[in-house]
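Reproduced below: upload29.cif, with mmCIF, C-alpha atoms.
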```
data_model
#
loop_
_atom_site.label_atom_id
_atom_site.label_comp_id
_atom_site.auth_asym_id
_atom_site.auth_seq_id
_atom_site.Cartn_x
_atom_site.Cartn_y
_atom_site.Cartn_z
CA MET M 1 0.77 35.29 -96.15
CA HIS M 2 2.19 32.48 -94.07
CA ASP M 3 1.67 33.30 -90.40
CA TYR M 4 -2.06 33.83 -89.86
CA GLU M 5 -1.65 34.11 -86.10
CA ALA M 6 0.79 37.01 -86.47
CA HIS M 7 -1.53 38.81 -88.88
CA ALA M 8 -4.45 38.37 -86.50
CA ARG M 9 -2.33 39.63 -83.59
CA ALA M 10 -1.24 42.72 -85.50
CA LEU M 11 -4.80 43.44 -86.59
CA ASP M 12 -6.00 43.02 -83.06
CA ALA M 13 -3.38 45.34 -81.59
CA ASP M 14 -3.88 48.06 -84.20
CA LEU M 15 -7.65 47.93 -83.99
CA GLU M 16 -7.68 48.33 -80.22
CA TYR M 17 -5.09 51.09 -80.45
CA TYR M 18 -7.02 53.22 -82.91
CA TYR M 19 -10.30 52.67 -81.12
CA THR M 20 -9.26 53.19 -77.49
CA LYS M 21 -6.40 55.60 -78.00
CA ARG M 22 -7.59 57.73 -80.88
CA LEU M 23 -11.31 57.53 -81.50
CA MET M 24 -12.68 57.09 -77.99
CA PRO M 25 -10.72 59.92 -76.32
CA LEU M 26 -11.64 62.20 -79.21
CA VAL M 27 -15.33 61.43 -78.79
CA LEU M 28 -15.03 61.97 -75.04
CA GLN M 29 -13.39 65.30 -75.70
CA LEU M 30 -16.10 66.37 -78.14
CA LEU M 31 -18.80 65.33 -75.68
CA ARG M 32 -17.23 67.02 -72.66
CA ARG M 33 -16.78 70.29 -74.53
CA ARG M 34 -20.32 69.87 -75.86
CA TYR M 35 -19.38 70.19 -79.52
CA ILE M 36 -21.68 67.22 -79.91
CA ASP M 37 -24.18 65.69 -77.52
CA LEU M 38 -25.05 62.08 -76.87
CA TYR M 39 -28.42 62.56 -78.55
CA ASP M 40 -26.64 63.79 -81.68
CA LEU M 41 -25.18 60.34 -81.84
CA THR M 42 -28.35 58.35 -81.21
CA ASP M 43 -30.43 59.88 -83.99
CA LYS M 44 -27.67 59.31 -86.54
CA VAL M 45 -27.45 55.61 -85.92
CA SER M 46 -30.54 54.43 -87.79
CA LYS M 47 -29.83 56.54 -90.85
CA LYS M 48 -26.28 55.31 -91.12
CA GLU M 49 -27.36 51.78 -90.45
CA GLU M 50 -29.62 51.74 -93.50
CA GLN M 51 -26.86 53.11 -95.68
CA ARG M 52 -24.43 50.51 -94.48
CA GLU M 53 -26.88 47.65 -94.93
CA ASP M 54 -27.38 48.78 -98.49
CA GLU M 55 -23.66 48.74 -99.11
CA GLU M 56 -23.27 45.39 -97.45
CA ARG M 57 -25.99 43.92 -99.60
CA LYS M 58 -24.20 45.09 -102.73
CA LYS M 59 -20.92 43.65 -101.53
CA LYS M 60 -22.47 40.32 -100.60
CA THR M 61 -22.12 39.17 -104.19
CA THR M 62 -18.58 38.11 -103.41
CA THR M 63 -18.86 36.10 -100.25
CA ILE M 64 -15.80 34.86 -98.48
CA SER M 65 -15.91 31.39 -97.06
CA PRO M 66 -15.56 31.46 -93.23
CA SER M 67 -12.69 29.01 -93.38
CA ASP M 68 -10.71 31.05 -95.88
CA PHE M 69 -8.55 32.74 -93.27
CA GLU M 70 -6.27 34.42 -95.76
CA ALA M 71 -9.09 36.19 -97.58
CA ARG M 72 -10.79 37.15 -94.34
CA LEU M 73 -7.57 38.57 -92.88
CA ARG M 74 -6.83 40.51 -96.06
CA SER M 75 -10.30 41.95 -96.12
CA LEU M 76 -9.97 42.87 -92.44
CA GLU M 77 -6.66 44.57 -93.12
CA ASP M 78 -8.28 46.70 -95.83
CA GLN M 79 -11.19 47.55 -93.57
CA LEU M 80 -8.86 48.46 -90.74
CA ASP M 81 -6.99 50.72 -93.12
CA GLU M 82 -10.20 52.53 -93.96
CA PHE M 83 -11.06 52.76 -90.27
CA VAL M 84 -7.67 54.28 -89.43
CA LYS M 85 -8.02 56.81 -92.23
CA GLY M 86 -11.50 57.68 -91.01
CA VAL M 87 -10.26 58.20 -87.48
CA SER M 88 -7.34 60.37 -88.54
CA ARG M 89 -9.72 62.43 -90.64
CA LEU M 90 -11.37 63.38 -87.34
CA GLY M 91 -8.02 64.49 -85.89
CA PRO M 92 -7.00 68.07 -85.17
CA GLY M 93 -6.73 69.10 -88.84
CA TRP M 94 -10.38 69.95 -89.44
CA ALA M 95 -10.77 71.30 -85.92
CA ALA M 96 -8.09 73.96 -86.43
CA PHE M 97 -9.95 74.89 -89.59
CA ARG M 98 -13.21 75.36 -87.68
CA ASN M 99 -11.71 76.97 -84.60
CA VAL M 100 -12.69 73.99 -82.53
CA ASN M 101 -10.27 73.53 -79.69
CA ILE M 102 -9.01 69.99 -79.99
CA LEU M 103 -5.56 69.37 -78.63
CA THR M 104 -3.61 66.19 -78.79
CA ASN M 105 -2.59 66.84 -75.21
CA ASP M 106 -6.23 66.76 -74.08
CA THR M 107 -6.76 63.54 -75.98
CA ARG M 108 -3.94 62.01 -73.97
CA LYS M 109 -5.53 63.20 -70.74
CA GLU M 110 -8.89 61.74 -71.72
CA ARG M 111 -7.41 58.34 -72.36
CA GLY M 112 -5.57 58.28 -69.06
CA ASP M 113 -1.94 58.68 -70.05
CA TYR M 114 -1.26 60.78 -66.96
CA ASP M 115 -3.85 59.52 -64.52
CA PRO M 116 -4.71 55.83 -64.31
CA PHE M 117 -8.22 56.79 -63.15
CA PHE M 118 -9.09 57.86 -66.70
CA HIS M 119 -7.43 54.92 -68.31
CA VAL M 120 -9.40 53.43 -71.20
CA THR M 121 -9.28 49.66 -70.95
CA GLN M 122 -8.34 47.73 -74.06
CA LYS M 123 -10.29 44.65 -74.92
CA LYS M 124 -8.39 41.40 -74.73
CA ARG M 125 -9.53 39.19 -77.55
CA GLY M 126 -8.44 35.64 -77.89
CA GLU M 127 -7.36 35.24 -74.28
CA GLY M 128 -7.48 31.78 -72.88
CA GLY M 129 -6.16 30.29 -76.10
CA SER M 130 -9.22 30.54 -78.34
CA ASP M 131 -8.62 29.29 -81.86
CA LEU M 132 -7.83 31.44 -84.86
CA ARG M 133 -11.31 31.23 -86.27
CA THR M 134 -12.94 32.54 -83.10
CA ARG M 135 -10.42 35.34 -82.95
CA ILE M 136 -11.06 36.39 -86.52
CA ASP M 137 -14.80 36.28 -85.81
CA GLU M 138 -14.28 38.57 -82.84
CA ILE M 139 -12.11 41.02 -84.72
CA GLU M 140 -14.63 41.16 -87.56
CA ARG M 141 -17.48 41.82 -85.18
CA ASP M 142 -15.62 44.52 -83.25
CA LEU M 143 -14.24 46.27 -86.31
CA ASN M 144 -17.73 46.42 -87.71
CA ASN M 145 -19.07 47.92 -84.49
CA TYR M 146 -16.23 50.40 -84.18
CA ARG M 147 -16.83 51.49 -87.76
CA ARG M 148 -20.45 52.19 -86.93
CA ILE M 149 -19.36 54.42 -84.05
CA LEU M 150 -16.93 56.24 -86.32
CA ASP M 151 -19.61 56.77 -88.98
CA THR M 152 -22.06 58.01 -86.40
CA VAL M 153 -19.64 60.54 -84.94
CA THR M 154 -18.56 61.72 -88.40
CA LEU M 155 -22.18 62.17 -89.41
CA ALA M 156 -23.00 64.02 -86.18
CA LEU M 157 -20.11 66.43 -86.71
CA GLU M 158 -21.13 66.98 -90.32
CA SER M 159 -24.75 67.70 -89.48
CA LYS M 160 -23.65 70.11 -86.74
CA GLY M 161 -21.72 71.98 -89.41
CA LEU M 162 -18.46 71.36 -87.58
CA LEU M 163 -17.00 69.03 -90.14
CA ASP M 164 -17.32 69.90 -93.79
CA PRO M 165 -16.98 66.65 -95.72
CA LYS M 166 -15.37 68.44 -98.65
CA VAL M 167 -12.87 70.27 -96.47
CA SER M 168 -11.92 67.21 -94.49
CA GLU M 169 -11.53 65.27 -97.72
CA ARG M 170 -9.30 67.99 -99.09
CA LEU M 171 -7.17 68.28 -95.96
CA HIS M 172 -6.87 64.55 -96.01
CA ASN M 173 -5.70 64.32 -99.60
CA ALA M 174 -3.54 67.44 -99.50
CA ALA M 175 -1.50 66.03 -96.66
CA LYS M 176 -0.45 63.13 -98.89
CA TYR M 177 0.24 60.17 -96.76
CA PRO M 178 3.68 60.45 -95.24
CA SER M 179 5.53 57.22 -95.54
CA LEU M 180 8.73 55.32 -95.08
CA LEU M 181 9.81 56.77 -98.42
CA ASN M 182 10.60 60.05 -96.65
CA GLY M 183 12.86 58.22 -94.22
CA SER M 184 14.62 56.40 -97.06
CA LYS M 185 15.33 59.65 -98.88
CA ILE M 186 16.67 61.34 -95.76
CA VAL M 187 18.93 58.44 -94.80
CA ALA M 188 20.26 57.88 -98.32
CA ARG M 189 21.14 61.55 -98.68
CA ALA M 190 22.85 61.60 -95.28
CA TRP M 191 24.92 58.56 -96.28
CA THR M 192 26.12 60.19 -99.48
CA ASP M 193 26.40 63.86 -98.51
CA PRO M 194 28.40 64.57 -95.31
CA ALA M 195 27.46 68.25 -95.32
CA PHE M 196 23.78 67.36 -95.41
CA LYS M 197 24.30 64.87 -92.61
CA GLU M 198 25.82 67.57 -90.47
CA ARG M 199 22.86 69.87 -91.07
CA LEU M 200 20.47 66.99 -90.44
CA LEU M 201 21.99 66.16 -87.07
CA ALA M 202 22.11 69.83 -86.08
CA ASN M 203 18.60 70.78 -87.13
CA ALA M 204 16.57 68.06 -88.79
CA ARG M 205 13.42 70.11 -89.22
CA GLU M 206 15.17 72.55 -91.52
CA ALA M 207 17.42 70.01 -93.22
CA VAL M 208 14.63 67.73 -94.48
CA ARG M 209 13.03 70.67 -96.27
CA GLU M 210 16.05 70.60 -98.61
CA LEU M 211 14.70 67.30 -99.92
CA GLY M 212 11.25 68.76 -100.43
CA ILE M 213 9.91 66.90 -97.41
CA PRO M 214 7.67 68.83 -95.04
CA PRO M 215 8.82 68.04 -91.48
CA GLY M 216 5.23 68.03 -90.21
CA ARG M 217 3.42 69.99 -87.58
CA LEU M 218 4.56 68.37 -84.40
CA GLY M 219 7.33 69.79 -82.20
CA GLN M 220 10.97 69.26 -83.11
CA LEU M 221 12.59 66.52 -85.08
CA HIS M 222 15.79 65.06 -83.70
CA VAL M 223 17.90 62.65 -85.74
CA VAL M 224 20.34 60.54 -83.72
CA GLU M 225 23.26 58.85 -85.42
CA ASN M 226 24.45 55.28 -84.91
CA ASN M 227 28.22 54.77 -85.02
CA ASP M 228 30.95 52.35 -83.89
CA SER M 229 30.28 53.00 -80.23
CA ILE M 230 26.60 53.99 -79.92
CA HIS M 231 23.42 52.29 -81.07
CA ASN M 232 20.24 54.35 -80.68
CA VAL M 233 16.75 52.99 -80.03
CA ILE M 234 13.50 54.98 -79.87
CA VAL M 235 10.51 54.38 -77.61
CA CYS M 236 7.72 56.47 -76.13
CA THR M 237 6.60 54.96 -72.84
CA LEU M 238 3.89 57.50 -72.03
CA CYS M 239 1.97 57.24 -75.27
CA SER M 240 3.45 56.34 -78.63
CA CYS M 241 5.12 59.50 -79.86
CA TYR M 242 6.58 58.94 -83.29
CA PRO M 243 7.32 61.29 -86.19
CA TYR M 244 3.92 60.44 -87.73
CA ASP M 245 3.88 63.45 -89.99
CA LEU M 246 7.19 62.45 -91.46
CA LEU M 247 7.16 58.65 -91.55
CA GLY M 248 3.50 57.67 -91.40
CA ASN M 249 2.06 55.45 -88.71
CA ALA M 250 4.22 53.64 -86.22
CA PRO M 251 4.46 49.85 -86.46
CA TRP M 252 1.98 47.98 -84.30
CA TRP M 253 4.49 46.66 -81.78
CA TYR M 254 5.75 50.20 -81.11
CA LYS M 255 2.43 50.95 -79.43
CA GLN M 256 2.40 47.90 -77.22
CA ASP M 257 3.26 47.92 -73.53
CA ARG M 258 5.31 44.79 -74.06
CA TYR M 259 7.82 46.74 -76.13
CA LYS M 260 7.67 49.89 -74.03
CA THR M 261 8.32 48.31 -70.66
CA ARG M 262 10.99 45.88 -71.79
CA ILE M 263 13.10 48.08 -74.01
CA ILE M 264 13.79 50.65 -71.29
CA ALA M 265 14.76 48.18 -68.57
CA ASP M 266 16.80 45.76 -70.63
CA PRO M 267 17.49 47.12 -74.12
CA ARG M 268 20.05 44.61 -75.32
CA ASN M 269 18.12 41.45 -74.49
CA THR M 270 14.82 42.93 -75.65
CA LEU M 271 16.27 43.67 -79.08
CA GLU M 272 17.55 40.15 -79.28
CA LYS M 273 14.38 38.45 -78.07
CA MET M 274 11.71 40.60 -79.72
CA PHE M 275 13.50 41.45 -82.95
CA LYS M 276 16.22 38.82 -83.26
CA PHE M 277 18.61 41.73 -83.54
CA ARG M 278 22.00 41.46 -81.89
CA VAL M 279 23.87 44.67 -81.22
CA SER M 280 27.65 44.33 -81.22
CA PRO M 281 28.98 44.11 -77.63
CA LYS M 282 31.37 46.93 -78.53
CA LYS M 283 28.47 49.32 -78.81
CA LYS M 284 26.59 50.98 -76.01
CA ILE M 285 22.84 51.12 -76.48
CA LEU M 286 21.18 54.49 -75.95
CA VAL M 287 17.40 54.35 -75.55
CA HIS M 288 15.47 57.57 -76.15
CA ASP M 289 12.16 57.82 -74.34
CA SER M 290 10.52 60.56 -76.36
CA THR M 291 7.72 62.99 -75.67
CA SER M 292 5.54 64.91 -78.05
CA ASP M 293 7.87 67.90 -78.18
CA VAL M 294 10.83 66.13 -79.73
CA ARG M 295 10.28 63.32 -82.23
CA TYR M 296 13.20 60.99 -82.86
CA MET M 297 14.50 59.20 -85.90
CA VAL M 298 17.59 56.98 -85.99
CA LEU M 299 20.19 57.48 -88.69
CA PRO M 300 21.54 53.94 -89.15
CA GLU M 301 25.09 53.10 -90.18
CA ARG M 302 25.64 52.66 -93.89
CA PRO M 303 25.90 48.93 -94.64
CA LYS M 304 29.24 47.58 -95.83
CA GLY M 305 29.77 46.90 -99.52
CA THR M 306 27.51 49.71 -100.69
CA SER M 307 30.11 52.17 -101.93
CA LYS M 308 29.04 51.72 -105.55
CA LEU M 309 25.32 52.09 -104.97
CA SER M 310 23.44 55.18 -106.07
CA GLU M 311 21.43 57.28 -103.65
CA GLU M 312 18.22 55.71 -104.91
CA GLU M 313 19.53 52.19 -104.47
CA LEU M 314 20.74 53.03 -100.97
CA GLY M 315 17.26 54.27 -100.09
CA LYS M 316 15.86 50.81 -100.78
CA LEU M 317 17.99 49.37 -97.99
CA VAL M 318 16.21 51.48 -95.37
CA THR M 319 13.56 49.73 -93.28
CA ARG M 320 11.05 51.06 -90.78
CA GLU M 321 12.78 48.99 -88.11
CA CYS M 322 16.20 50.52 -88.64
CA LEU M 323 14.75 54.04 -88.28
CA ILE M 324 13.56 53.09 -84.78
CA GLY M 325 16.76 51.25 -83.98
CA VAL M 326 15.36 47.75 -83.60
CA GLY M 327 17.08 46.49 -86.73
CA GLU M 328 19.74 47.24 -89.29
CA PRO M 329 19.33 48.43 -92.87
CA LEU M 330 19.13 45.59 -95.39
CA SER M 331 22.40 44.49 -96.89
CA PRO M 332 22.71 44.88 -100.67
CA SER M 333 22.43 41.13 -101.17
CA SER M 334 19.25 40.69 -99.13
CA LYS M 335 17.44 43.76 -100.40
CA LYS M 336 13.86 43.35 -101.52
CA ASN M 337 13.29 44.20 -105.19
CA MET C 1 21.21 71.44 -81.69
CA ILE C 2 22.44 74.78 -80.43
CA PRO C 3 21.97 75.49 -76.73
CA LYS C 4 19.63 78.43 -76.29
CA LYS C 5 20.23 81.46 -74.13
CA GLY C 6 18.43 81.92 -70.84
CA MET C 7 18.43 78.28 -69.87
CA LYS C 8 19.10 77.34 -66.28
CA PHE C 9 21.16 74.23 -66.94
CA LYS C 10 23.92 73.49 -69.39
CA ILE C 11 25.22 70.36 -71.04
CA GLY C 12 26.98 68.15 -68.48
CA ASP C 13 25.02 69.43 -65.46
CA SER C 14 23.79 66.91 -62.92
CA VAL C 15 20.07 67.29 -62.35
CA VAL C 16 17.32 65.52 -60.44
CA VAL C 17 13.85 65.05 -61.89
CA ARG C 18 11.10 66.40 -59.68
CA PRO C 19 8.20 64.05 -59.07
CA ASN C 20 5.03 64.95 -60.98
CA ASP C 21 3.19 67.72 -59.21
CA ALA C 22 1.04 70.69 -60.02
CA LYS C 23 4.10 72.70 -60.92
CA GLY C 24 5.78 70.30 -63.26
CA SER C 25 4.75 68.93 -66.62
CA GLU C 26 2.66 65.80 -66.80
CA ARG C 27 4.82 64.22 -69.38
CA ILE C 28 7.42 62.66 -67.14
CA PRO C 29 7.68 58.89 -67.03
CA LYS C 30 7.38 57.53 -63.48
CA TYR C 31 10.63 55.61 -63.55
CA ILE C 32 12.78 58.76 -63.83
CA GLN C 33 10.98 60.77 -61.17
CA GLY C 34 13.31 61.57 -58.30
CA ARG C 35 16.27 60.16 -60.24
CA VAL C 36 19.54 61.87 -61.01
CA GLY C 37 20.73 62.31 -64.58
CA ARG C 38 22.98 64.43 -66.73
CA VAL C 39 21.99 67.11 -69.24
CA ILE C 40 23.12 66.10 -72.74
CA GLN C 41 21.01 68.39 -74.90
CA CYS C 42 19.35 71.79 -74.50
CA TYR C 43 16.45 72.36 -76.86
CA GLY C 44 15.21 75.72 -75.61
CA ARG C 45 11.49 76.45 -75.65
CA VAL C 46 9.73 74.14 -78.04
CA GLN C 47 6.69 75.47 -79.88
CA ASN C 48 4.08 72.77 -80.18
CA PRO C 49 0.72 74.48 -80.52
CA LEU C 50 -1.25 71.42 -81.61
CA ASP C 51 -0.15 69.54 -78.58
CA HIS C 52 -0.28 71.82 -75.58
CA ARG C 53 -1.68 75.14 -74.52
CA GLY C 54 0.82 77.96 -74.16
CA VAL C 55 4.54 77.50 -74.13
CA TYR C 56 6.25 75.21 -71.66
CA SER C 57 9.53 75.94 -69.94
CA PRO C 58 12.76 75.07 -71.82
CA LEU C 59 13.31 71.44 -72.66
CA TYR C 60 16.38 69.26 -72.01
CA SER C 61 17.48 65.75 -72.88
CA ILE C 62 18.59 64.03 -69.70
CA GLU C 63 20.75 60.94 -69.78
CA PHE C 64 20.41 58.20 -67.16
CA LYS C 65 22.09 54.88 -66.54
CA VAL C 66 19.65 52.02 -67.12
CA SER C 67 21.30 50.12 -64.26
CA GLU C 68 20.47 52.92 -61.80
CA LEU C 69 16.88 53.30 -62.96
CA PHE C 70 16.00 49.63 -62.91
CA ASP C 71 18.50 48.32 -60.43
CA ASN C 72 20.01 45.77 -62.79
CA ASN C 73 23.44 45.26 -64.31
CA SER C 74 22.66 46.66 -67.76
CA LYS C 75 25.45 48.78 -69.16
CA GLU C 76 23.19 50.78 -71.45
CA LEU C 77 22.03 54.38 -71.30
CA LEU C 78 18.63 56.01 -71.55
CA THR C 79 17.57 59.56 -72.32
CA ALA C 80 14.29 61.29 -71.61
CA ASP C 81 13.20 64.83 -72.47
CA VAL C 82 12.22 66.90 -69.44
CA HIS C 83 11.15 70.52 -69.05
CA GLU C 84 13.08 72.93 -66.85
CA ASP C 85 10.17 73.30 -64.37
CA SER C 86 10.60 69.68 -63.44
CA LEU C 87 14.35 69.74 -62.90
CA GLU C 88 16.51 70.75 -59.97
CA ALA C 89 20.26 70.92 -59.61
CA ALA C 90 21.25 67.52 -58.27
CA ALA C 91 23.56 68.56 -55.43
CA GLY C 92 20.93 70.17 -53.18
CA VAL C 93 18.45 67.34 -53.40
CA ALA C 94 20.96 64.59 -52.93
CA THR C 95 22.05 65.91 -49.54
CA LYS C 96 18.57 66.84 -48.36
CA LYS C 97 16.89 63.54 -49.16
CA LYS C 98 19.90 61.36 -48.61
CA SER C 99 19.15 59.89 -51.99
CA LYS C 100 20.18 56.28 -52.36
CA LYS C 101 21.20 56.91 -55.93
CA LYS C 102 24.77 57.83 -56.46
CA LYS C 103 25.35 61.26 -57.84
CA ARG C 104 27.16 61.32 -61.14
CA GLY C 105 30.56 62.86 -60.75
CA SER C 106 30.66 64.38 -64.20
CA SER C 107 29.58 67.95 -63.55
#
```
Using structure tokens, write down the structure from this file.
Amino acid sequence: MHDYEAHARALDADLEYYYTKRLMPLVLQLLRRRYIDLYDLTDKVSKKEEQREDEERKKKTTTISPSDFEARLRSLEDQLDEFVKGVSRLGPGWAAFRNVNILTNDTRKERGDYDPFFHVTQKKRGEGGSDLRTRIDEIERDLNNYRRILDTVTLALESKGLLDPKVSERLHNAAKYPSLLNGSKIVARAWTDPAFKERLLANAREAVRELGIPPGRLGQLHVVENNDSIHNVIVCTLCSCYPYDLLGNAPWWYKQDRYKTRIIADPRNTLEKMFKFRVSPKKKILVHDSTSDVRYMVLPERPKGTSKLSEEELGKLVTRECLIGVGEPLSPSSKKN
Amino acid sequence: MIPKKGMKFKIGDSVVVRPNDAKGSERIPKYIQGRVGRVIQCYGRVQNPLDHRGVYSPLYSIEFKVSELFDNNSKELLTADVHEDSLEAAAGVATKKKSKKKKRGSS
């Protein structure tokens, strides 16, 4: 870890995203539809609090020094990971199981994607140039508080009989975390098998099944191909639509307004400034502003000098960035292990 | 993707995006509302039960020029996916509203 500031920024952005854009609208939805009530939340707090204090006490054996930024950031990253998993466990999966009507579309309404009146404000930590230590303090405090909210809601749903811990655990594990690995496999196969590529571009949902990859539950999947004349870039300006079910979570910058507003108005310069990625002047850039119905993935161009590589080796050249179009695949010489 | 039957527009058609209203879908970015674009993809009706109630009208990919949307000299292109309810044939609107935007001559 070399750039603490960048790690803190990424943590900050992700934490606010999952709290204000996933957890909070979901809780609002549950409250409005009266699946849970506010008092269900209050009487769960004390119980959970005791549990947590117990756990904390056990953990306290290995204390991290406040000035050890690296250890604190790493620990925060792990905790954030747990938080994100906890939040996604409350997503529509269990609800469908219990016939509870939770729709992603409603979640978007609750958080004000369509009407600024309902907009959930994100906290701005570290504004006014506070130092790294203060920022880490703030993130730690907020993450801890957000986790308490998450625990309380989870407990309330469980005690209402809406959420069966065993079922949600099972759904969670069965889904196996989708990851970049899926993208690597798809791209490597498309580079080596022209017939597959054709099927992929025509109907990606069906084509990826050939590789034993479930395309996921959401809408359609559309793969767009880069070539000599066109370079594709993906964005979702309304929310952050991304083929989550196929590729896992979107990178943190994908969810930021900074990326969303700049990439649509001035794609070429934004790629250069934000990602240090220069697209050849011979190519036109085509930005896709996606919605939930069609999820996009970029099929990058096969790097030069890779004709002797196997499909597996080719897969290792694929990065998350190149599947969104803000970068190129690694070249064989620069590839990471 | 194969164009589906029963769709009002076809690839290459010039269309104008209706501003958000009760009739149209909510999922239309502000910056393309009232703007003219060209159909480049017809998806048909997309089933997406987790995301919205019922079935929306057929979906299209519409291509715009970045320079027309943001009034700059970018040479790049942008596509957005819009449902049929929110689209009109471009010719009628352009004459009625005296739209400042130039109609694309491709259709």
With all atoms listed in the file considered, list every residue of chain M at most 6 Å from chain C, as an MDAnalysis selection string.
chainID M and resid 103:105 202 219 265 284:289
Let me have the centre and edge lengths of the axis-aligned box enclosing all listed atoms of segment 60-70 of chain C with 8 Å padding on every side, in Å to one decimal, as JSON.
```
{"center_x": 19.0, "center_y": 59.4, "center_z": -67.3, "size_x": 22.1, "size_y": 35.6, "size_z": 27.1}
```
Using the chain letters and numbers from the file, which residues does the PyMOL selection byres ((chain M and resi 142) around 12) grab, as JSON, numbers by chain?
{"M": [11, 12, 15, 16, 19, 76, 79, 80, 83, 123, 124, 125, 135, 136, 137, 138, 139, 140, 141, 143, 144, 145, 146, 147, 148, 149]}
Using the chain letters and numbers from the file, which residues does the PyMOL selection byres ((chain C and resi 13) around 9) grab, as a list in words?
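The output of the PyMOL selection byres ((chain C and resi 13) around 9) on this file is Phe9, Lys10, Ile11, Gly12, Ser14, Val15, Gly37, Arg38, Val39, Ile40, Ala89, Ala90, Ser106 and Ser107 of chain C.
A distance cut-off of 9 Å around (16.7, 44.0, -85.7), counting all atoms listed in the file, selects these protein and nucleic acid residues: M:Leu271, M:Glu272, M:Met274, M:Phe275, M:Lys276, M:Phe277, M:Arg278, M:Val279, M:Glu321, M:Cys322, M:Gly325, M:Val326, M:Gly327, M:Glu328, M:Pro329.
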Evaluate the PyMOL selection byres ((chain M and resi 191) around 12) and report residues as a short mmCIF file (atom, residue, chain, number, x, y, z; two decimals) with C-alpha atoms, in the frame of the given file:
```cif
data_model
loop_
_atom_site.label_atom_id
_atom_site.label_comp_id
_atom_site.auth_asym_id
_atom_site.auth_seq_id
_atom_site.Cartn_x
_atom_site.Cartn_y
_atom_site.Cartn_z
CA SER M 184 14.62 56.40 -97.06
CA LYS M 185 15.33 59.65 -98.88
CA ILE M 186 16.67 61.34 -95.76
CA VAL M 187 18.93 58.44 -94.80
CA ALA M 188 20.26 57.88 -98.32
CA ARG M 189 21.14 61.55 -98.68
CA ALA M 190 22.85 61.60 -95.28
CA THR M 192 26.12 60.19 -99.48
CA ASP M 193 26.40 63.86 -98.51
CA PRO M 194 28.40 64.57 -95.31
CA ALA M 195 27.46 68.25 -95.32
CA PHE M 196 23.78 67.36 -95.41
CA LYS M 197 24.30 64.87 -92.61
CA GLU M 198 25.82 67.57 -90.47
CA LEU M 200 20.47 66.99 -90.44
CA GLU M 225 23.26 58.85 -85.42
CA ASN M 226 24.45 55.28 -84.91
CA LEU M 299 20.19 57.48 -88.69
CA PRO M 300 21.54 53.94 -89.15
CA GLU M 301 25.09 53.10 -90.18
CA ARG M 302 25.64 52.66 -93.89
CA PRO M 303 25.90 48.93 -94.64
CA LYS M 304 29.24 47.58 -95.83
CA THR M 306 27.51 49.71 -100.69
CA SER M 307 30.11 52.17 -101.93
CA LEU M 309 25.32 52.09 -104.97
CA SER M 310 23.44 55.18 -106.07
CA GLU M 311 21.43 57.28 -103.65
CA GLU M 312 18.22 55.71 -104.91
CA GLU M 313 19.53 52.19 -104.47
CA LEU M 314 20.74 53.03 -100.97
CA GLY M 315 17.26 54.27 -100.09
CA LEU M 317 17.99 49.37 -97.99
CA VAL M 318 16.21 51.48 -95.37
#
```
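Note that atom CA of Thr291 of chain M and atom CA of Pro267 of chain M are 18.7 Å apart.
Atom pair atom CA of Asp54 of chain M / atom CA of Thr42 of chain M has a distance of 19.8 Å (rounded to one decimal).
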Who sits within 8 Å of Lys21 of chain M, all atoms listed in the file, same chain under 6 positions skipped, as an MDAnalysis selection string
chainID M and resid 108 111 120
Ranking M:Ala204, M:Ala10, M:Met297, M:Leu23 by minimum distance to Val224 of chain M and counting only C-alpha atoms, which one comes first?
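Using only C-alpha atoms, the shortest distance to Val224 of chain M belongs to M:Met297.
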Work out how far atom CA of Asp151 of chain M is from atom CA of Gln51 of chain M, in Å to one decimal.
10.5 Å
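Closest approach to Cys42 of chain C among C:Val16, C:Lys8, C:Val55, C:Glu88 is made by C:Lys8 (distances from all atoms listed in the file).
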Counting only C-alpha atoms, closest pick from C:Gly44, C:Ala91, C:Gln33, C:Glu68 relative to Val17 of chain C is C:Gln33
